[in-house]
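entry27.pdb, holding PDB, C-alpha atoms:
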MODEL        1
ATOM      1  CA  MET A 267     -15.909 -47.892  67.823
ATOM      2  CA  ALA A 268     -16.443 -51.244  69.517
ATOM      3  CA  ILE A 269     -13.372 -52.974  70.866
ATOM      4  CA  TRP A 270     -13.239 -56.716  70.377
ATOM      5  CA  GLU A 271     -13.168 -58.698  73.587
ATOM      6  CA  PRO A 272     -12.164 -62.347  73.586
ATOM      7  CA  LYS A 273     -15.004 -64.753  74.326
ATOM      8  CA  ILE A 274     -14.835 -67.649  76.722
ATOM      9  CA  LYS A 275     -14.525 -70.888  74.758
ATOM     10  CA  ILE A 276     -15.989 -73.984  76.394
ATOM     11  CA  VAL A 277     -15.299 -77.421  74.965
ATOM     12  CA  VAL A 278     -18.145 -79.890  75.340
ATOM     13  CA  SER A 279     -17.042 -83.496  75.296
ATOM     14  CA  GLY A 280     -19.295 -86.531  75.481
ATOM     15  CA  ALA A 281     -20.280 -89.863  74.022
ATOM     16  CA  ALA A 282     -20.801 -89.837  70.257
ATOM     17  CA  ASP A 283     -22.806 -93.033  70.816
ATOM     18  CA  SER A 284     -25.050 -92.171  73.731
ATOM     19  CA  SER A 285     -26.207 -95.727  74.470
ATOM     20  CA  PRO A 286     -24.185 -95.932  77.752
ATOM     21  CA  CYS A 287     -25.647 -92.625  78.942
ATOM     22  CA  VAL A 288     -28.667 -91.821  81.073
ATOM     23  CA  GLU A 289     -31.961 -91.803  79.185
ATOM     24  CA  ASN A 290     -32.354 -88.006  79.086
ATOM     25  CA  VAL A 291     -28.714 -87.255  78.170
ATOM     26  CA  HIS A 292     -29.665 -85.474  74.933
ATOM     27  CA  ASP A 293     -31.897 -83.091  76.879
ATOM     28  CA  LEU A 294     -29.096 -82.499  79.392
ATOM     29  CA  ALA A 295     -26.557 -81.858  76.621
ATOM     30  CA  TYR A 296     -28.971 -79.493  74.867
ATOM     31  CA  ALA A 297     -29.425 -77.573  78.140
ATOM     32  CA  VAL A 298     -25.646 -77.252  78.560
ATOM     33  CA  GLY A 299     -25.297 -75.893  75.025
ATOM     34  CA  GLN A 300     -28.248 -73.575  75.524
ATOM     35  CA  GLU A 301     -26.721 -72.132  78.682
ATOM     36  CA  ILE A 302     -23.306 -71.690  77.034
ATOM     37  CA  ALA A 303     -25.063 -69.627  74.342
ATOM     38  CA  LYS A 304     -27.118 -67.631  76.851
ATOM     39  CA  GLN A 305     -23.929 -66.760  78.731
ATOM     40  CA  GLY A 306     -22.359 -65.426  75.507
ATOM     41  CA  CYS A 307     -19.644 -68.069  75.299
ATOM     42  CA  VAL A 308     -18.414 -70.058  72.299
ATOM     43  CA  LEU A 309     -19.119 -73.804  72.268
ATOM     44  CA  ILE A 310     -16.409 -76.012  70.769
ATOM     45  CA  ASP A 311     -16.896 -79.724  70.144
ATOM     46  CA  GLY A 312     -15.538 -82.650  68.176
ATOM     47  CA  ALA A 313     -17.927 -82.143  65.227
ATOM     48  CA  THR A 314     -19.488 -85.507  65.929
ATOM     49  CA  THR A 315     -22.774 -87.231  66.732
ATOM     50  CA  GLY A 316     -24.532 -87.994  70.028
ATOM     51  CA  VAL A 317     -23.973 -85.861  73.113
ATOM     52  CA  PRO A 318     -21.723 -83.227  71.464
ATOM     53  CA  LEU A 319     -24.207 -82.764  68.622
ATOM     54  CA  TRP A 320     -27.061 -82.138  71.079
ATOM     55  CA  ALA A 321     -24.956 -79.604  72.970
ATOM     56  CA  ALA A 322     -24.123 -77.912  69.651
ATOM     57  CA  LYS A 323     -27.821 -77.861  68.776
ATOM     58  CA  GLY A 324     -28.639 -76.239  72.123
ATOM     59  CA  ALA A 325     -26.105 -73.485  71.538
ATOM     60  CA  PHE A 326     -26.879 -72.998  67.840
ATOM     61  CA  GLU A 327     -30.645 -72.765  68.340
ATOM     62  CA  ASN A 328     -30.114 -70.173  71.078
ATOM     63  CA  ASN A 329     -27.954 -67.810  69.031
ATOM     64  CA  GLY A 330     -24.636 -69.169  70.280
ATOM     65  CA  PHE A 331     -21.541 -69.631  68.151
ATOM     66  CA  VAL A 332     -20.462 -73.245  67.588
ATOM     67  CA  VAL A 333     -17.107 -74.482  66.297
ATOM     68  CA  GLY A 334     -16.373 -78.137  65.561
ATOM     69  CA  LEU A 335     -12.978 -79.798  65.207
ATOM     70  CA  SER A 336     -13.231 -82.796  62.910
ATOM     71  CA  PRO A 337     -10.833 -85.745  62.844
ATOM     72  CA  ALA A 338     -11.094 -85.679  59.037
ATOM     73  CA  ARG A 339      -8.802 -83.909  56.556
ATOM     74  CA  THR A 340     -11.587 -82.580  54.350
ATOM     75  CA  ARG A 341     -15.304 -81.972  54.308
ATOM     76  CA  ARG A 342     -15.738 -84.955  51.992
ATOM     77  CA  GLU A 343     -13.847 -87.224  54.388
ATOM     78  CA  HIS A 344     -15.809 -85.792  57.334
ATOM     79  CA  LEU A 345     -19.117 -86.673  55.646
ATOM     80  CA  ASN A 346     -18.296 -89.845  53.682
ATOM     81  CA  VAL A 347     -15.532 -91.639  55.595
ATOM     82  CA  TYR A 348     -16.174 -90.619  59.198
ATOM     83  CA  LYS A 349     -19.905 -90.168  58.527
ATOM     84  CA  LEU A 350     -20.087 -87.140  60.805
ATOM     85  CA  PRO A 351     -22.682 -84.353  60.676
ATOM     86  CA  GLU A 352     -22.287 -80.679  59.816
ATOM     87  CA  ASP A 353     -25.524 -79.630  61.483
ATOM     88  CA  TYR A 354     -25.581 -76.930  64.161
ATOM     89  CA  HIS A 355     -22.043 -75.670  63.548
ATOM     90  CA  HIS A 356     -21.012 -72.275  62.256
ATOM     91  CA  LEU A 357     -17.504 -73.497  61.481
ATOM     92  CA  ILE A 358     -15.903 -76.927  61.196
ATOM     93  CA  ILE A 359     -12.122 -77.166  61.187
ATOM     94  CA  TYR A 360     -10.791 -80.264  59.437
ATOM     95  CA  THR A 361      -7.752 -81.243  61.500
ATOM     96  CA  GLY A 362      -6.726 -84.370  59.595
ATOM     97  CA  PHE A 363      -5.341 -85.782  62.845
ATOM     98  CA  PHE A 364      -7.782 -88.666  63.286
ATOM     99  CA  TYR A 365      -9.562 -88.945  66.638
ATOM    100  CA  SER A 366      -6.588 -88.936  69.007
ATOM    101  CA  GLY A 367      -4.938 -85.893  67.433
ATOM    102  CA  ARG A 368      -8.263 -84.115  67.126
ATOM    103  CA  ASN A 369      -8.871 -84.742  70.839
ATOM    104  CA  LEU A 370      -5.624 -82.994  71.771
ATOM    105  CA  LEU A 371      -6.357 -79.985  69.559
ATOM    106  CA  LEU A 372      -9.938 -79.872  70.796
ATOM    107  CA  THR A 373      -9.041 -79.705  74.466
ATOM    108  CA  ARG A 374      -6.285 -77.157  73.873
ATOM    109  CA  THR A 375      -8.637 -74.881  71.892
ATOM    110  CA  GLY A 376     -10.958 -74.181  74.810
ATOM    111  CA  ASP A 377     -10.526 -72.270  78.024
ATOM    112  CA  GLY A 378     -12.060 -75.220  79.845
ATOM    113  CA  GLY A 379     -14.056 -78.363  79.195
ATOM    114  CA  ILE A 380     -17.411 -79.811  80.180
ATOM    115  CA  PHE A 381     -17.784 -83.599  80.140
ATOM    116  CA  ILE A 382     -21.167 -85.260  79.685
ATOM    117  CA  CYS A 383     -21.494 -89.046  79.825
ATOM    118  CA  GLY A 384     -18.699 -90.510  77.749
ATOM    119  CA  ARG A 385     -16.839 -93.430  76.332
ATOM    120  CA  MET A 386     -13.101 -93.886  75.674
ATOM    121  CA  GLY A 387     -12.683 -90.697  73.607
ATOM    122  CA  THR A 388     -14.342 -88.592  76.285
ATOM    123  CA  LEU A 389     -12.083 -90.156  78.886
ATOM    124  CA  ASN A 390      -9.088 -89.282  76.680
ATOM    125  CA  GLU A 391     -10.239 -85.661  76.448
ATOM    126  CA  PHE A 392     -10.874 -85.608  80.198
ATOM    127  CA  THR A 393      -7.329 -86.749  81.042
ATOM    128  CA  ILE A 394      -5.725 -84.344  78.541
ATOM    129  CA  THR A 395      -7.686 -81.432  80.023
ATOM    130  CA  PHE A 396      -6.674 -82.546  83.520
ATOM    131  CA  GLU A 397      -2.987 -82.800  82.519
ATOM    132  CA  ASP A 398      -3.193 -79.318  80.977
ATOM    133  CA  ASP A 399      -4.505 -78.019  84.330
ATOM    134  CA  LYS A 400      -7.544 -76.400  82.735
ATOM    135  CA  PRO A 401     -10.908 -75.728  84.373
ATOM    136  CA  MET A 402     -13.205 -78.728  84.038
ATOM    137  CA  GLY A 403     -16.861 -79.453  84.644
ATOM    138  CA  VAL A 404     -18.443 -82.872  84.865
ATOM    139  CA  LEU A 405     -22.184 -83.284  84.448
ATOM    140  CA  ALA A 406     -22.640 -85.637  87.385
ATOM    141  CA  GLY A 407     -24.976 -88.575  86.893
ATOM    142  CA  SER A 408     -24.888 -88.452  83.075
ATOM    143  CA  GLY A 409     -23.568 -92.016  82.693
ATOM    144  CA  GLY A 410     -20.898 -93.849  80.756
ATOM    145  CA  THR A 411     -17.297 -93.099  81.689
ATOM    146  CA  GLU A 412     -18.484 -90.043  83.628
ATOM    147  CA  SER A 413     -19.178 -92.453  86.494
ATOM    148  CA  LEU A 414     -15.439 -93.368  86.550
ATOM    149  CA  MET A 415     -13.961 -89.874  86.426
ATOM    150  CA  ASP A 416     -14.027 -89.153  90.165
ATOM    151  CA  ASP A 417     -12.323 -92.489  90.911
ATOM    152  CA  ILE A 418      -9.701 -91.895  88.223
ATOM    153  CA  VAL A 419      -8.805 -88.498  89.663
ATOM    154  CA  ARG A 420      -8.658 -89.858  93.194
ATOM    155  CA  GLU A 421      -6.664 -92.997  92.301
ATOM    156  CA  ALA A 422      -4.181 -91.064  90.139
ATOM    157  CA  HIS A 423      -2.876 -89.251  93.245
ATOM    158  CA  ARG A 424      -2.247 -86.035  91.318
ATOM    159  CA  GLY A 425      -4.514 -83.760  93.336
ATOM    160  CA  PRO A 426      -8.146 -82.843  92.773
ATOM    161  CA  GLY A 427      -7.616 -80.769  89.634
ATOM    162  CA  LYS A 428      -9.825 -77.807  88.845
ATOM    163  CA  ILE A 429     -13.011 -79.816  88.514
ATOM    164  CA  ILE A 430     -16.615 -78.874  89.184
ATOM    165  CA  TRP A 431     -18.963 -81.810  89.729
ATOM    166  CA  GLU A 432     -22.549 -80.707  89.138
ATOM    167  CA  ALA A 433     -25.788 -82.411  88.041
ATOM    168  CA  GLU A 434     -27.678 -79.266  86.931
ATOM    169  CA  PRO A 435     -26.632 -77.998  83.450
ATOM    170  CA  LYS A 436     -27.306 -74.293  84.111
ATOM    171  CA  VAL A 437     -25.399 -74.309  87.396
ATOM    172  CA  LEU A 438     -22.535 -76.283  85.846
ATOM    173  CA  VAL A 439     -22.060 -73.727  83.055
ATOM    174  CA  GLU A 440     -22.312 -70.786  85.469
ATOM    175  CA  LYS A 441     -19.691 -72.313  87.772
ATOM    176  CA  MET A 442     -17.436 -73.119  84.822
ATOM    177  CA  ILE A 443     -17.526 -69.521  83.628
ATOM    178  CA  GLU A 444     -16.643 -68.298  87.120
ATOM    179  CA  LEU A 445     -13.731 -70.743  87.329
ATOM    180  CA  ILE A 446     -12.448 -69.870  83.846
ATOM    181  CA  LYS A 447     -12.568 -66.145  84.643
ATOM    182  CA  LYS A 448     -10.752 -66.732  87.913
ATOM    183  CA  GLU A 449      -8.075 -68.779  86.141
ATOM    184  CA  ASN A 450      -7.626 -66.080  83.508
ATOM    185  CA  ASP A 451      -7.706 -63.152  85.972
ATOM    186  CA  GLY A 452     -10.667 -61.556  84.256
ATOM    187  CA  GLU A 453      -8.929 -61.504  80.823
ATOM    188  CA  LEU A 454     -11.929 -63.109  79.152
ATOM    189  CA  SER A 455     -15.486 -61.882  78.833
ATOM    190  CA  HIS A 456     -18.674 -63.673  77.992
TER     191      HIS A 456
ENDMDL
END
structure tokens encoding of this file:
Amino acid sequence: MAIWEPKIKIVVSGAADSSPCVENVHDLAYAVGQEIAKQGCVLIDGATTGVPLWAAKGAFENNGFVVGLSPARTRREHLNVYKLPEDYHHLIIYTGFFYSGRNLLLTRTGDGGIFICGRMGTLNEFTITFEDDKPMGVLAGSGGTESLMDDIVREAHRGPGKIIWEAEPKVLVEKMIELIKKENDGELSH
């Protein structure tokens, strides 16, 4: 009889509109999702477009499990009001908490978060994850608000946090898993 072991859950946060990001950000996001799947972890995102969708695609197409948290109350609202996709997700949870409430639930659902490029929502998720003292990974050089994150941490005078800064997707995911396991004293498997 197989005993269920909890899986590491990694939130991937990033710009839904990837125009402020580096040109190859979709490839980078896909590689992050792919590596999360290869490592046997669950990918959680905001059930949105852009960077998170490409990370979801990378995990989904590589036999990973993908969960999305939508700001909408219902599937109909998710599709017709927010105009968000369902693609590349095994499960979408309709929070009904709009974007700001969804962001809080999203960050609290994972064991840690990876941040790729970003705009205001990504920055919000970054600061919540920091305040919750969770393991964090930043895909360095991905653009958008990612370029501000190091300065924000430094200027906030709250310590360095538990943040990995890494430009290589595979290495970033590997280091995140190590940090999450260390934080959870080996309670979680992947």
Taking only residues of range 346-417 of chain A that have an atom at most 8 Å from an atom of range 303-323 of chain A, what is each one's shortest atom pair and its distance in Å to one decimal, using only C-alpha atoms, in chain and number order, as CSV?
residue,atom,partner,partner_atom,distance
A:Leu350,CA,A:Thr314,CA,5.4
A:Pro351,CA,A:Thr314,CA,6.3
A:Glu352,CA,A:Ala313,CA,7.1
A:Asp353,CA,A:Lys323,CA,7.8
A:Tyr354,CA,A:Lys323,CA,5.2
A:His355,CA,A:Ala322,CA,6.8
A:Ile358,CA,A:Ala313,CA,6.9
A:Arg368,CA,A:Gly312,CA,7.5
A:Asn369,CA,A:Gly312,CA,7.5
A:Leu372,CA,A:Gly312,CA,6.8
A:Thr375,CA,A:Ile310,CA,7.9
A:Gly376,CA,A:Ile310,CA,7.0
A:Ile382,CA,A:Val317,CA,7.2
A:Cys383,CA,A:Val317,CA,7.8
query = Can you list, as a list in words, the residues that the PyMOL selection byres ((chain A and resi 433) around 7) selects here?
reply =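 Selected by the PyMOL selection byres ((chain A and resi 433) around 7) in this file: Leu405, Ala406, Gly407, Glu432, Glu434 and Pro435 of chain A.
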query = Do you know which residues lie at most 12 Å from (-17.7, -91.9, 84.5), with coordinates as in the file and all atoms listed in the file counted, and could you write them as a ChimeraX atom specification?
reply = /A:280-281,286-288,381-386,388-390,392,404-419,431
task = Pick out the closest residue to Val298 in chain A from this set: A:Thr340, A:Ser285, A:Asn328, A:Ser366. Count only C-alpha atoms.
result = A:Asn328
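We find CA of Glu397 in chain A and CA of Thr373 in chain A to be spaced 10.5 Å apart.
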Mind filling out range 368-381 of chain A with N, CA and C atoms and sending it as a short mmCIF file (atom, residue, chain, number, x, y, z; two decimals), in the coordinates of the input?
data_model
loop_
_atom_site.label_atom_id
_atom_site.label_comp_id
_atom_site.auth_asym_id
_atom_site.auth_seq_id
_atom_site.Cartn_x
_atom_site.Cartn_y
_atom_site.Cartn_z
N ARG A 368 -7.16 -85.07 67.00
CA ARG A 368 -8.26 -84.12 67.13
C ARG A 368 -8.57 -83.85 68.59
N ASN A 369 -8.56 -84.90 69.42
CA ASN A 369 -8.87 -84.74 70.84
C ASN A 369 -7.90 -83.78 71.52
N LEU A 370 -6.63 -83.88 71.19
CA LEU A 370 -5.62 -82.99 71.77
C LEU A 370 -5.87 -81.55 71.34
N LEU A 371 -6.07 -81.33 70.05
CA LEU A 371 -6.36 -79.98 69.56
C LEU A 371 -7.64 -79.43 70.16
N LEU A 372 -8.65 -80.28 70.25
CA LEU A 372 -9.94 -79.87 70.80
C LEU A 372 -9.79 -79.35 72.21
N THR A 373 -9.16 -80.10 73.06
CA THR A 373 -9.04 -79.70 74.47
C THR A 373 -8.17 -78.46 74.62
N ARG A 374 -7.18 -78.32 73.78
CA ARG A 374 -6.28 -77.16 73.87
C ARG A 374 -6.93 -75.89 73.31
N THR A 375 -7.97 -76.03 72.50
CA THR A 375 -8.64 -74.88 71.89
C THR A 375 -9.50 -74.12 72.89
N GLY A 376 -10.05 -74.82 73.86
CA GLY A 376 -10.96 -74.18 74.81
C GLY A 376 -10.26 -73.63 76.03
N ASP A 377 -11.01 -72.79 76.74
CA ASP A 377 -10.53 -72.27 78.02
C ASP A 377 -10.82 -73.24 79.16
N GLY A 378 -11.69 -74.20 78.89
CA GLY A 378 -12.06 -75.22 79.84
C GLY A 378 -12.97 -76.21 79.15
N GLY A 379 -13.24 -77.33 79.82
CA GLY A 379 -14.06 -78.36 79.19
C GLY A 379 -15.14 -78.89 80.10
N ILE A 380 -16.30 -79.17 79.49
CA ILE A 380 -17.41 -79.81 80.18
C ILE A 380 -17.55 -81.22 79.62
N PHE A 381 -17.72 -82.19 80.51
CA PHE A 381 -17.78 -83.60 80.14
C PHE A 381 -19.14 -84.17 80.52
#
